[in-house]
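Listing of target.cif, mmCIF, C-alpha atoms (C1' of nucleotides)
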```cif
data_final
#
loop_
_atom_site.label_atom_id
_atom_site.label_comp_id
_atom_site.auth_asym_id
_atom_site.auth_seq_id
_atom_site.Cartn_x
_atom_site.Cartn_y
_atom_site.Cartn_z
CA MET A 389 -37.29 13.90 8.61
CA ASN A 390 -40.85 12.75 9.15
CA LYS A 391 -41.67 13.10 12.83
CA GLY A 392 -44.99 11.31 12.51
CA SER A 393 -46.91 14.48 13.21
CA TYR A 394 -47.44 18.03 12.13
CA HIS A 395 -44.65 18.45 9.59
CA HIS A 396 -44.44 15.95 6.81
CA GLY A 397 -40.81 15.99 5.77
CA ASP A 398 -40.97 16.36 2.01
CA LEU A 399 -44.58 16.89 1.17
CA ARG A 400 -43.87 18.42 -2.22
CA GLN A 401 -42.10 15.35 -3.57
CA ALA A 402 -44.60 13.03 -1.91
CA LEU A 403 -47.46 14.83 -3.63
CA ILE A 404 -45.78 14.72 -7.04
CA ALA A 405 -45.07 11.01 -6.65
CA ALA A 406 -48.63 10.22 -5.55
CA ALA A 407 -50.11 12.40 -8.30
CA LEU A 408 -47.89 10.72 -10.87
CA ALA A 409 -49.22 7.33 -9.84
CA VAL A 410 -52.81 8.51 -10.23
CA VAL A 411 -52.29 10.38 -13.50
CA GLU A 412 -50.28 7.60 -15.14
CA ARG A 413 -53.38 5.44 -15.35
CA GLY A 414 -56.36 7.73 -15.19
CA GLY A 415 -55.11 10.97 -16.63
CA ALA A 416 -55.42 14.45 -15.21
CA GLU A 417 -59.18 14.26 -14.71
CA ALA A 418 -58.72 11.35 -12.30
CA LEU A 419 -56.75 13.55 -9.93
CA SER A 420 -58.55 15.06 -6.95
CA LEU A 421 -56.42 17.30 -4.78
CA ARG A 422 -58.46 16.53 -1.68
CA GLU A 423 -58.17 12.79 -2.25
CA LEU A 424 -54.48 13.17 -2.99
CA ALA A 425 -53.86 15.09 0.22
CA GLU A 426 -55.70 12.48 2.22
CA SER A 427 -53.75 9.65 0.59
CA VAL A 428 -50.53 11.30 1.72
CA GLY A 429 -51.93 11.82 5.21
CA VAL A 430 -52.25 15.56 5.19
CA SER A 431 -55.08 18.07 5.28
CA ARG A 432 -56.90 19.27 2.19
CA ALA A 433 -55.28 22.68 2.17
CA ALA A 434 -51.71 21.54 2.74
CA PRO A 435 -50.86 21.06 -0.97
CA TYR A 436 -51.45 24.76 -1.53
CA ARG A 437 -48.29 25.50 0.46
CA HIS A 438 -46.31 23.80 -2.31
CA PHE A 439 -48.34 24.34 -5.47
CA ALA A 440 -50.17 27.44 -6.60
CA ASP A 441 -53.09 25.39 -7.84
CA ARG A 442 -54.06 22.12 -9.47
CA ASP A 443 -52.52 23.05 -12.80
CA ASP A 444 -49.21 23.84 -11.12
CA LEU A 445 -49.06 20.33 -9.69
CA LEU A 446 -50.10 18.81 -13.02
CA ALA A 447 -47.36 20.77 -14.76
CA CYS A 448 -44.79 19.25 -12.40
CA VAL A 449 -46.17 15.78 -13.11
CA ALA A 450 -46.06 16.39 -16.87
CA ALA A 451 -42.49 17.68 -16.57
CA ARG A 452 -41.51 14.47 -14.83
CA GLY A 453 -43.11 12.59 -17.72
CA PHE A 454 -41.08 14.49 -20.31
CA GLU A 455 -37.90 13.81 -18.34
CA ASP A 456 -38.61 10.08 -18.38
CA LEU A 457 -39.41 10.17 -22.09
CA ASN A 458 -36.17 12.02 -22.75
CA VAL A 459 -34.19 9.28 -21.03
CA GLY A 460 -35.64 6.84 -23.54
CA TYR A 461 -34.92 9.18 -26.46
CA GLU A 462 -31.30 9.61 -25.35
CA ALA A 463 -30.90 5.85 -25.25
CA ALA A 464 -32.42 5.51 -28.72
CA LEU A 465 -30.05 8.13 -30.12
CA ALA A 466 -27.09 6.34 -28.55
CA SER A 467 -28.07 2.93 -29.84
CA PRO A 468 -26.04 1.10 -32.48
CA GLY A 469 -27.12 1.03 -36.12
CA ASP A 470 -27.59 3.80 -38.66
CA GLY A 471 -29.67 6.93 -38.32
CA ARG A 472 -32.78 5.33 -39.80
CA ALA A 473 -32.63 2.48 -37.32
CA ARG A 474 -32.27 4.95 -34.46
CA MET A 475 -35.27 6.90 -35.65
CA ARG A 476 -37.27 3.69 -35.64
CA ILE A 477 -36.17 2.91 -32.10
CA ALA A 478 -37.12 6.41 -30.98
CA SER A 479 -40.61 5.85 -32.40
CA GLN A 480 -40.86 2.60 -30.52
CA VAL A 481 -39.86 4.38 -27.30
CA TYR A 482 -42.73 6.81 -27.85
CA VAL A 483 -45.20 3.99 -28.49
CA ASP A 484 -44.06 2.07 -25.41
CA PHE A 485 -44.39 5.15 -23.25
CA ALA A 486 -47.94 5.75 -24.47
CA GLU A 487 -48.95 2.16 -23.82
CA ARG A 488 -47.36 1.86 -20.42
CA ARG A 489 -48.48 5.21 -19.02
CA PRO A 490 -51.54 6.25 -21.01
CA GLY A 491 -52.85 8.87 -18.60
CA LEU A 492 -49.50 10.58 -18.28
CA PHE A 493 -49.10 10.48 -22.05
CA ARG A 494 -52.44 12.22 -22.46
CA LEU A 495 -51.50 14.88 -19.94
CA MET A 496 -48.28 15.54 -21.85
CA PHE A 497 -49.73 15.71 -25.36
CA GLU A 498 -53.41 16.52 -25.07
CA SER A 499 -53.65 18.94 -22.18
CA ASP A 500 -53.60 22.65 -22.84
CA LEU A 501 -50.77 23.23 -20.37
CA LEU A 502 -48.31 23.97 -23.17
CA ALA A 503 -50.86 25.83 -25.26
CA ARG A 504 -51.06 28.78 -22.89
CA ASP A 505 -49.64 32.20 -23.60
CA GLN A 506 -47.24 31.62 -20.73
CA PRO A 507 -46.66 27.87 -20.33
CA PRO A 508 -45.63 26.65 -16.87
CA ASN A 509 -41.92 27.25 -16.30
CA VAL A 510 -41.15 23.75 -15.05
CA LEU A 511 -42.57 22.32 -18.24
CA ILE A 512 -40.81 24.39 -20.88
CA GLY A 513 -37.33 22.93 -20.42
CA PRO A 514 -38.13 19.21 -20.49
CA ALA A 515 -40.69 19.65 -23.30
CA ASN A 516 -38.29 21.60 -25.49
CA HIS A 517 -35.60 19.04 -24.84
CA ALA A 518 -37.92 16.30 -26.07
CA TYR A 519 -38.57 18.29 -29.25
CA GLN A 520 -34.83 18.69 -29.84
CA LEU A 521 -34.16 14.99 -29.38
CA LEU A 522 -36.93 14.07 -31.79
CA TRP A 523 -35.61 16.57 -34.29
CA ARG A 524 -32.14 15.12 -33.94
CA ALA A 525 -33.44 11.61 -34.56
CA VAL A 526 -35.21 12.67 -37.76
CA ALA A 527 -32.30 14.78 -39.00
CA GLY A 528 -29.87 11.95 -38.29
CA ALA A 529 -31.83 9.59 -40.49
CA ASP A 530 -31.06 11.70 -43.58
CA PRO A 531 -28.05 13.99 -43.03
CA ARG A 532 -28.43 15.59 -46.46
CA ALA A 533 -31.98 16.90 -45.85
CA ASP A 534 -32.33 20.65 -45.41
CA GLU A 535 -34.06 22.32 -42.47
CA LYS A 536 -37.40 22.71 -44.20
CA THR A 537 -37.51 19.03 -45.10
CA VAL A 538 -36.53 17.90 -41.62
CA LYS A 539 -39.26 20.03 -40.10
CA ALA A 540 -41.91 18.69 -42.41
CA ARG A 541 -40.77 15.11 -41.82
CA THR A 542 -40.68 15.52 -38.07
CA ILE A 543 -44.21 16.89 -38.06
CA THR A 544 -45.69 14.19 -40.29
CA MET A 545 -43.89 11.35 -38.54
CA TRP A 546 -44.87 12.56 -35.09
CA SER A 547 -48.43 13.15 -36.27
CA THR A 548 -48.80 9.63 -37.63
CA VAL A 549 -47.48 7.87 -34.54
CA TYR A 550 -49.26 10.12 -32.08
CA GLY A 551 -52.50 10.07 -34.05
CA PHE A 552 -52.53 6.30 -34.12
CA LEU A 553 -51.89 6.06 -30.38
CA ALA A 554 -54.57 8.59 -29.52
CA LEU A 555 -57.25 7.17 -31.79
CA ASP A 556 -56.40 3.65 -30.74
CA ARG A 557 -56.70 4.53 -27.06
CA ALA A 558 -60.09 6.12 -27.71
CA ARG A 559 -61.05 2.87 -29.47
CA ARG A 560 -61.83 4.63 -32.74
CA PHE A 561 -60.19 1.85 -34.74
CA LYS A 562 -62.41 -0.82 -33.26
CA PRO A 563 -64.19 -1.43 -36.60
CA PHE A 564 -60.81 -1.81 -38.35
CA MET A 565 -58.99 -4.05 -35.92
CA THR A 566 -60.88 -7.20 -36.84
CA GLU A 567 -60.07 -10.25 -38.90
CA PRO A 568 -57.02 -10.22 -41.14
CA LEU A 569 -55.02 -7.63 -39.18
CA THR A 570 -53.63 -8.09 -35.68
CA ARG A 571 -52.89 -5.08 -33.55
CA ALA A 572 -49.16 -5.80 -33.60
CA GLU A 573 -49.20 -5.80 -37.38
CA ILE A 574 -50.97 -2.46 -37.38
CA VAL A 575 -48.47 -0.92 -35.00
CA GLU A 576 -45.69 -2.17 -37.26
CA ALA A 577 -47.40 -0.76 -40.35
CA VAL A 578 -47.90 2.61 -38.69
CA ILE A 579 -44.30 2.92 -37.55
CA THR A 580 -43.08 1.89 -40.98
CA ALA A 581 -45.39 4.38 -42.67
CA ALA A 582 -44.26 7.11 -40.28
CA THR A 583 -40.52 6.54 -40.42
CA GLY A 584 -40.24 5.04 -43.87
CA VAL A 585 -38.06 2.27 -42.49
CA MET B 1314 -95.74 25.70 -28.18
CA ASN B 1315 -93.86 27.85 -25.75
CA LYS B 1316 -96.32 29.56 -23.45
CA GLY B 1317 -93.70 31.72 -21.79
CA SER B 1318 -94.06 29.84 -18.54
CA TYR B 1319 -93.94 26.43 -16.96
CA HIS B 1320 -93.64 24.20 -20.02
CA HIS B 1321 -90.91 24.96 -22.47
CA GLY B 1322 -92.11 23.47 -25.73
CA ASP B 1323 -89.13 21.54 -26.99
CA LEU B 1324 -86.60 21.63 -24.21
CA ARG B 1325 -84.71 18.60 -25.44
CA GLN B 1326 -83.79 20.14 -28.78
CA ALA B 1327 -83.12 23.51 -27.16
CA LEU B 1328 -80.66 21.90 -24.76
CA ILE B 1329 -78.85 20.02 -27.51
CA ALA B 1330 -78.58 23.19 -29.59
CA ALA B 1331 -77.29 25.26 -26.68
CA ALA B 1332 -74.88 22.53 -25.61
CA LEU B 1333 -73.61 22.22 -29.16
CA ALA B 1334 -72.81 25.93 -29.23
CA VAL B 1335 -70.83 25.66 -25.99
CA VAL B 1336 -69.02 22.43 -26.86
CA GLU B 1337 -68.09 23.56 -30.37
CA ARG B 1338 -65.67 26.08 -28.96
CA GLY B 1339 -64.75 24.96 -25.47
CA GLY B 1340 -65.15 21.21 -25.60
CA ALA B 1341 -67.02 18.98 -23.19
CA GLU B 1342 -65.28 20.35 -20.09
CA ALA B 1343 -66.69 23.80 -20.81
CA LEU B 1344 -70.23 22.51 -20.44
CA SER B 1345 -71.99 23.05 -17.13
CA LEU B 1346 -75.48 21.58 -16.94
CA ARG B 1347 -76.60 24.20 -14.44
CA GLU B 1348 -75.35 27.03 -16.62
CA LEU B 1349 -76.88 25.41 -19.67
CA ALA B 1350 -80.27 25.09 -17.99
CA GLU B 1351 -80.18 28.70 -16.93
CA SER B 1352 -79.21 29.85 -20.44
CA VAL B 1353 -82.29 28.13 -21.80
CA GLY B 1354 -84.43 29.65 -19.06
CA VAL B 1355 -85.19 26.54 -17.10
CA SER B 1356 -84.33 25.16 -13.66
CA ARG B 1357 -81.22 23.10 -12.88
CA ALA B 1358 -83.00 19.79 -12.67
CA ALA B 1359 -85.13 20.18 -15.78
CA PRO B 1360 -82.56 18.64 -18.17
CA TYR B 1361 -82.84 15.37 -16.26
CA ARG B 1362 -86.33 14.90 -17.68
CA HIS B 1363 -84.72 14.58 -21.12
CA PHE B 1364 -81.24 13.18 -20.50
CA ALA B 1365 -80.15 10.48 -18.10
CA ASP B 1366 -77.04 12.42 -17.15
CA ARG B 1367 -74.35 14.71 -18.49
CA ASP B 1368 -72.78 12.01 -20.64
CA ASP B 1369 -76.11 11.25 -22.26
CA LEU B 1370 -76.42 14.86 -23.40
CA LEU B 1371 -72.81 14.90 -24.58
CA ALA B 1372 -73.43 11.74 -26.59
CA CYS B 1373 -76.32 13.46 -28.38
CA VAL B 1374 -74.10 16.45 -29.13
CA ALA B 1375 -71.33 14.20 -30.45
CA ALA B 1376 -73.86 12.32 -32.59
CA ARG B 1377 -74.93 15.60 -34.13
CA GLY B 1378 -71.28 16.30 -34.86
CA PHE B 1379 -70.82 13.00 -36.67
CA GLU B 1380 -73.96 13.66 -38.71
CA ASP B 1381 -72.57 17.01 -39.83
CA LEU B 1382 -69.21 15.46 -40.65
CA ASN B 1383 -70.95 12.76 -42.67
CA VAL B 1384 -72.70 15.37 -44.78
CA GLY B 1385 -69.27 16.69 -45.73
CA TYR B 1386 -67.97 13.20 -46.45
CA GLU B 1387 -70.94 12.41 -48.67
CA ALA B 1388 -70.27 15.57 -50.66
CA ALA B 1389 -66.59 14.66 -51.00
CA LEU B 1390 -67.45 11.20 -52.26
CA ALA B 1391 -69.86 12.67 -54.79
CA SER B 1392 -67.44 15.27 -56.09
CA PRO B 1393 -65.98 15.10 -59.60
CA GLY B 1394 -62.49 13.80 -60.25
CA ASP B 1395 -60.95 10.41 -59.65
CA GLY B 1396 -60.86 8.40 -56.42
CA ARG B 1397 -57.58 9.90 -55.29
CA ALA B 1398 -58.89 13.42 -55.69
CA ARG B 1399 -62.00 12.51 -53.70
CA MET B 1400 -59.88 11.09 -50.91
CA ARG B 1401 -57.97 14.34 -50.76
CA ILE B 1402 -61.19 16.32 -50.56
CA ALA B 1403 -62.44 14.07 -47.77
CA SER B 1404 -59.26 14.80 -45.82
CA GLN B 1405 -59.79 18.49 -46.34
CA VAL B 1406 -63.35 18.16 -45.02
CA TYR B 1407 -61.96 16.58 -41.85
CA VAL B 1408 -59.36 19.32 -41.43
CA ASP B 1409 -61.92 22.06 -41.95
CA PHE B 1410 -64.26 20.48 -39.42
CA ALA B 1411 -61.49 20.33 -36.82
CA GLU B 1412 -60.52 23.95 -37.37
CA ARG B 1413 -64.03 25.33 -37.39
CA ARG B 1414 -65.39 23.36 -34.42
CA PRO B 1415 -62.38 22.36 -32.33
CA GLY B 1416 -64.25 21.54 -29.14
CA LEU B 1417 -66.80 19.39 -30.90
CA PHE B 1418 -64.01 17.66 -32.79
CA ARG B 1419 -62.30 16.83 -29.50
CA LEU B 1420 -65.51 15.47 -28.03
CA MET B 1421 -65.93 13.24 -31.08
CA PHE B 1422 -62.41 11.86 -31.28
CA GLU B 1423 -60.82 12.21 -27.85
CA SER B 1424 -63.61 11.52 -25.39
CA ASP B 1425 -64.07 8.04 -24.02
CA LEU B 1426 -67.74 7.95 -25.01
CA LEU B 1427 -67.05 5.45 -27.78
CA ALA B 1428 -64.46 3.54 -25.76
CA ARG B 1429 -66.99 2.15 -23.33
CA ASP B 1430 -68.09 -1.45 -23.22
CA GLN B 1431 -71.55 -0.26 -24.19
CA PRO B 1432 -71.22 2.99 -26.17
CA PRO B 1433 -74.24 5.34 -26.17
CA ASN B 1434 -76.87 4.13 -28.63
CA VAL B 1435 -77.38 7.49 -30.32
CA LEU B 1436 -73.67 7.63 -31.11
CA ILE B 1437 -73.07 4.22 -32.64
CA GLY B 1438 -74.96 4.78 -35.88
CA PRO B 1439 -73.51 8.12 -36.96
CA ALA B 1440 -70.00 7.13 -35.85
CA ASN B 1441 -70.07 3.86 -37.78
CA HIS B 1442 -71.42 5.67 -40.80
CA ALA B 1443 -68.45 8.05 -40.68
CA TYR B 1444 -66.09 5.07 -40.56
CA GLN B 1445 -67.77 3.51 -43.57
CA LEU B 1446 -67.56 6.71 -45.60
CA LEU B 1447 -63.88 7.11 -44.79
CA TRP B 1448 -63.26 3.50 -45.72
CA ARG B 1449 -65.08 4.01 -49.00
CA ALA B 1450 -62.96 7.06 -49.80
CA VAL B 1451 -59.73 5.16 -49.20
CA ALA B 1452 -60.89 2.07 -51.07
CA GLY B 1453 -62.07 4.18 -54.00
CA ALA B 1454 -58.63 5.70 -54.40
CA ASP B 1455 -57.15 2.32 -55.30
CA PRO B 1456 -59.83 -0.15 -56.44
CA ARG B 1457 -57.30 -2.97 -56.81
CA ALA B 1458 -56.17 -2.91 -53.17
CA ASP B 1459 -57.29 -5.84 -51.00
CA GLU B 1460 -59.10 -5.51 -47.69
CA LYS B 1461 -56.00 -5.77 -45.56
CA THR B 1462 -54.28 -3.01 -47.49
CA VAL B 1463 -57.28 -0.72 -47.37
CA LYS B 1464 -57.55 -1.16 -43.61
CA ALA B 1465 -53.89 -0.37 -43.04
CA ARG B 1466 -54.08 2.65 -45.34
CA THR B 1467 -57.21 3.97 -43.69
CA ILE B 1468 -55.62 3.71 -40.27
CA THR B 1469 -52.35 5.39 -41.22
CA MET B 1470 -54.01 8.14 -43.21
CA TRP B 1471 -56.52 8.91 -40.49
CA SER B 1472 -53.77 8.78 -37.87
CA THR B 1473 -51.59 11.25 -39.72
CA VAL B 1474 -54.30 13.83 -40.32
CA TYR B 1475 -55.86 13.46 -36.88
CA GLY B 1476 -52.48 13.45 -35.12
CA PHE B 1477 -51.46 16.63 -36.85
CA LEU B 1478 -54.70 18.39 -35.95
CA ALA B 1479 -54.56 17.30 -32.31
CA LEU B 1480 -50.92 18.16 -31.75
CA ASP B 1481 -51.33 21.43 -33.61
CA ARG B 1482 -54.30 22.40 -31.49
CA ALA B 1483 -52.32 21.64 -28.34
CA ARG B 1484 -49.55 23.85 -29.76
CA ARG B 1485 -46.99 21.06 -29.68
CA PHE B 1486 -45.58 22.13 -33.06
CA LYS B 1487 -44.87 25.67 -31.93
CA PRO B 1488 -41.08 25.12 -32.13
CA PHE B 1489 -41.43 23.77 -35.68
CA MET B 1490 -43.82 26.30 -37.16
CA THR B 1491 -41.27 29.09 -37.44
CA GLU B 1492 -39.31 30.56 -40.31
CA PRO B 1493 -39.24 28.74 -43.61
CA LEU B 1494 -42.54 26.90 -43.24
CA THR B 1495 -45.96 28.52 -43.13
CA ARG B 1496 -48.82 26.71 -41.50
CA ALA B 1497 -50.65 26.37 -44.80
CA GLU B 1498 -47.62 24.67 -46.31
CA ILE B 1499 -47.50 22.26 -43.39
CA VAL B 1500 -51.17 21.37 -43.73
CA GLU B 1501 -50.56 20.72 -47.42
CA ALA B 1502 -47.55 18.56 -46.67
CA VAL B 1503 -49.44 16.56 -44.06
CA ILE B 1504 -52.42 15.89 -46.33
CA THR B 1505 -50.10 14.90 -49.15
CA ALA B 1506 -48.13 12.58 -46.90
CA ALA B 1507 -51.32 11.06 -45.56
CA THR B 1508 -53.15 10.54 -48.83
CA GLY B 1509 -50.18 10.12 -51.12
CA VAL B 1510 -51.72 12.54 -53.58
"C1'" DT C 125 -114.83 17.30 -16.03
"C1'" DC C 126 -111.46 14.28 -14.05
"C1'" DT C 127 -107.51 11.99 -13.89
"C1'" DC C 128 -103.02 10.41 -15.59
"C1'" DT C 129 -98.71 11.48 -17.33
"C1'" DA C 130 -95.21 14.39 -18.98
"C1'" DT C 131 -92.60 18.00 -17.62
"C1'" DG C 132 -90.79 21.63 -14.73
"C1'" DT C 133 -89.29 23.43 -9.72
"C1'" DT C 134 -87.22 23.34 -5.16
"C1'" DG C 135 -84.21 21.79 -1.64
"C1'" DA C 136 -80.64 18.90 -0.39
"C1'" DC C 137 -76.37 15.82 -0.53
"C1'" DG C 138 -71.78 14.98 -1.39
"C1'" DG C 139 -68.13 16.21 -4.27
"C1'" DT C 140 -64.70 19.66 -6.15
"C1'" DG C 141 -60.84 23.68 -6.20
"C1'" DC C 142 -59.50 27.29 -3.56
"C1'" DT C 143 -58.86 31.00 0.25
"C1'" DG C 144 -58.19 33.45 4.72
"C1'" DA C 145 -57.42 33.02 9.53
"C1'" DC C 146 -55.08 30.47 12.77
"C1'" DA C 147 -51.60 26.92 14.81
"C1'" DT C 148 -47.26 24.68 15.02
"C1'" DT C 149 -42.61 23.75 13.92
"C1'" DT C 150 -38.09 24.79 12.30
"C1'" DG C 151 -34.01 27.41 11.57
"C1'" DC C 152 -31.34 31.42 12.04
"C1'" DA C 153 -29.47 35.56 14.65
"C1'" DC C 154 -28.11 36.94 18.83
"C1'" DG D 255 -29.67 28.56 24.84
"C1'" DT D 256 -33.34 32.17 23.59
"C1'" DG D 257 -36.36 34.48 20.79
"C1'" DC D 258 -38.32 35.68 16.64
"C1'" DA D 259 -39.57 35.20 11.81
"C1'" DA D 260 -40.53 32.22 8.09
"C1'" DA D 261 -42.06 27.90 6.56
"C1'" DT D 262 -45.53 24.66 6.79
"C1'" DG D 263 -49.33 22.58 8.58
"C1'" DT D 264 -54.88 22.79 10.09
"C1'" DC D 265 -59.70 24.29 9.95
"C1'" DA D 266 -63.90 26.51 8.43
"C1'" DG D 267 -66.03 28.22 4.67
"C1'" DC D 268 -66.98 29.94 -0.13
"C1'" DA D 269 -68.80 29.02 -4.77
"C1'" DC D 270 -69.40 25.79 -8.01
"C1'" DC D 271 -70.65 21.24 -9.79
"C1'" DG D 272 -73.73 16.73 -11.03
"C1'" DT D 273 -77.48 14.39 -9.28
"C1'" DC D 274 -81.71 12.95 -6.83
"C1'" DA D 275 -86.26 12.83 -4.21
"C1'" DA D 276 -90.33 15.25 -3.34
"C1'" DC D 277 -93.49 18.34 -4.98
"C1'" DA D 278 -96.09 21.50 -8.49
"C1'" DT D 279 -98.13 22.37 -12.79
"C1'" DA D 280 -99.85 21.83 -17.44
"C1'" DG D 281 -101.85 19.34 -21.13
"C1'" DA D 282 -104.16 15.23 -23.17
"C1'" DG D 283 -107.45 11.66 -23.32
"C1'" DA D 284 -111.50 9.15 -21.06
#
```
Could you rewrite the structure in this file as structure tokens?
Amino acid sequence: MNKGSYHHGDLRQALIAAALAVVERGGAEALSLRELAESVGVSRAAPYRHFADRDDLLACVAARGFEDLNVGYEAALASPGDGRARMRIASQVYVDFAERRPGLFRLMFESDLLARDQPPNVLIGPANHAYQLLWRAVAGADPRADEKTVKARTITMWSTVYGFLALDRARRFKPFMTEPLTRAEIVEAVITAATGV
Amino acid sequence: MNKGSYHHGDLRQALIAAALAVVERGGAEALSLRELAESVGVSRAAPYRHFADRDDLLACVAARGFEDLNVGYEAALASPGDGRARMRIASQVYVDFAERRPGLFRLMFESDLLARDQPPNVLIGPANHAYQLLWRAVAGADPRADEKTVKARTITMWSTVYGFLALDRARRFKPFMTEPLTRAEIVEAVITAATGV
DNA sequence: TCTCTATGTTGACGGTGCTGACATTTGCAC
DNA sequence: GTGCAAATGTCAGCACCGTCAACATAGAGA
């Protein structure tokens, strides 16, 4: 495909892949479109043939992130053990994702991409799928709970795990992480508090 | 002081006040130093006589935010009722702060200002004071708990409340906020789950 | 009054996202 | 095959940004 000159071959996918690599570590604010274009060996304006603007590209990157997260969720839901054990594994998947790809995690859960009146189309599907899988994990842990209860539990559990990850990344727990508690113990305590198992 | 010309009078405080007003709503990324300077009636480079750079100004704004939050915490800790009731009130103070000044809240708890090797000097004091007040609220709710327990409880409680506020602001709970649950009910449920009271 | 210092201004540099005009390549219809 | 239109690249330039060096002004203390 790539002739070594004028036309790139599959610039769109190349840009998403390169952007993903940058965002994974440094988050959305580390991404410069000009730099990105240069790193792929193309002129500054070329990306605009494939993405409306910066946010459009970021939405595609975030969508890719949700797809990867969903793969982990699917595996957690298919794992052996009872519903409570599966919910715990799903939480661990979320924690691992946040720790391995912090910038991407931030893009997915802190950016305002999904807060818009009209969220990016590419993002809606994968994001909603993630919500459904999480819901299913929580509901499966207590089949007798009604809808209202499952909603409230999903929200509080998600809040606890996400809140810990976000505050920890921003080093807000620094004064608490000393002495008797190790970080691993804290992560354990948070997951237990969140899932009740 | 202000002669209507060359010298401003108290540019430093004027800049902090104006920046605070911008950041409160739109967060740090809404702040343009050039725009800010113009809004105060001064040239683009003038702020650099009072702040080393953009981050220095943002640190002062964040410090002001922590000071305001601490006033609320102090009031919560001095309120009537038992320790558990005071902890609940402290949580409500945090929630109110986040809802009234979302951008400032984000600057205080999501920015990397405090994650640096050498955090800004102006910020360390007020931030640490906030941590101590929160700690005192949690410890006061159960005087018999040991240090390890108090630390773990502080972290999980803070995580739950903060996580809810952050995810809610980013509209990640949109699919869950429908039908049987009102938002007020959810806030109640989250505070109850976090504080256990 | 004179001078030193604090404070404000101007112009410039390199960076950013984005656009309109132009160039090249590819693929499809004939 | 040929020719034309659409897809995809380039280039120059706009407006904005944070920041800095050089210069101008005002106020305070000797």
Selection dump of the PyMOL selection byres ((chain D) within 9 of (chain B)), as a PyMOL selection string: chain D and resi 271-273+279-280
Chain and number of each residue from the PyMOL selection byres ((chain B) within 10 of (chain A)), as a VMD selection string: chain B and resid 1419 1421 to 1429 1440 to 1441 1444 to 1445 1448 1460 to 1494 1498 to 1500 1502 to 1507
Running the PyMOL selection byres ((chain C) within 10 of (chain B)) on this model by hand, what would come out? Give it as an mmCIF file with C-alpha atoms (C1' of nucleotides), in the coordinates of the input.
```cif
data_model
loop_
_atom_site.group_PDB
_atom_site.id
_atom_site.type_symbol
_atom_site.label_atom_id
_atom_site.label_comp_id
_atom_site.auth_asym_id
_atom_site.auth_seq_id
_atom_site.Cartn_x
_atom_site.Cartn_y
_atom_site.Cartn_z
ATOM 1 C "C1'" DA C 130 -95.210 14.390 -18.980
ATOM 2 C "C1'" DT C 131 -92.600 18.000 -17.620
ATOM 3 C "C1'" DG C 132 -90.790 21.630 -14.730
ATOM 4 C "C1'" DT C 133 -89.290 23.430 -9.720
ATOM 5 C "C1'" DT C 134 -87.220 23.340 -5.160
#
```
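Our summary of the geometry notes that C1' of DC268 in chain D is positioned 10.7 Å from C1' of DG141 in chain C.
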Shell of 10 Å around DA259 in chain D, all atoms listed in the file, local chain residues under 2 positions omitted, as a list in words: DG151 and DC152 of chain C; DG257 and DA261 of chain D
Take the residues that were just selected and, keeping C-alpha atoms (C1' of nucleotides), output them as a PDB file, in the frame of the given file.
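File selection31.pdb, as written:
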```pdb
ATOM      1  C1'  DG C 151     -34.010  27.410  11.570  1.00  0.00           C
ATOM      2  C1'  DC C 152     -31.340  31.420  12.040  1.00  0.00           C
TER       3       DC C 152
ATOM      4  C1'  DG D 257     -36.360  34.480  20.790  1.00  0.00           C
ATOM      5  C1'  DA D 261     -42.060  27.900   6.560  1.00  0.00           C
TER       6       DA D 261
END
```
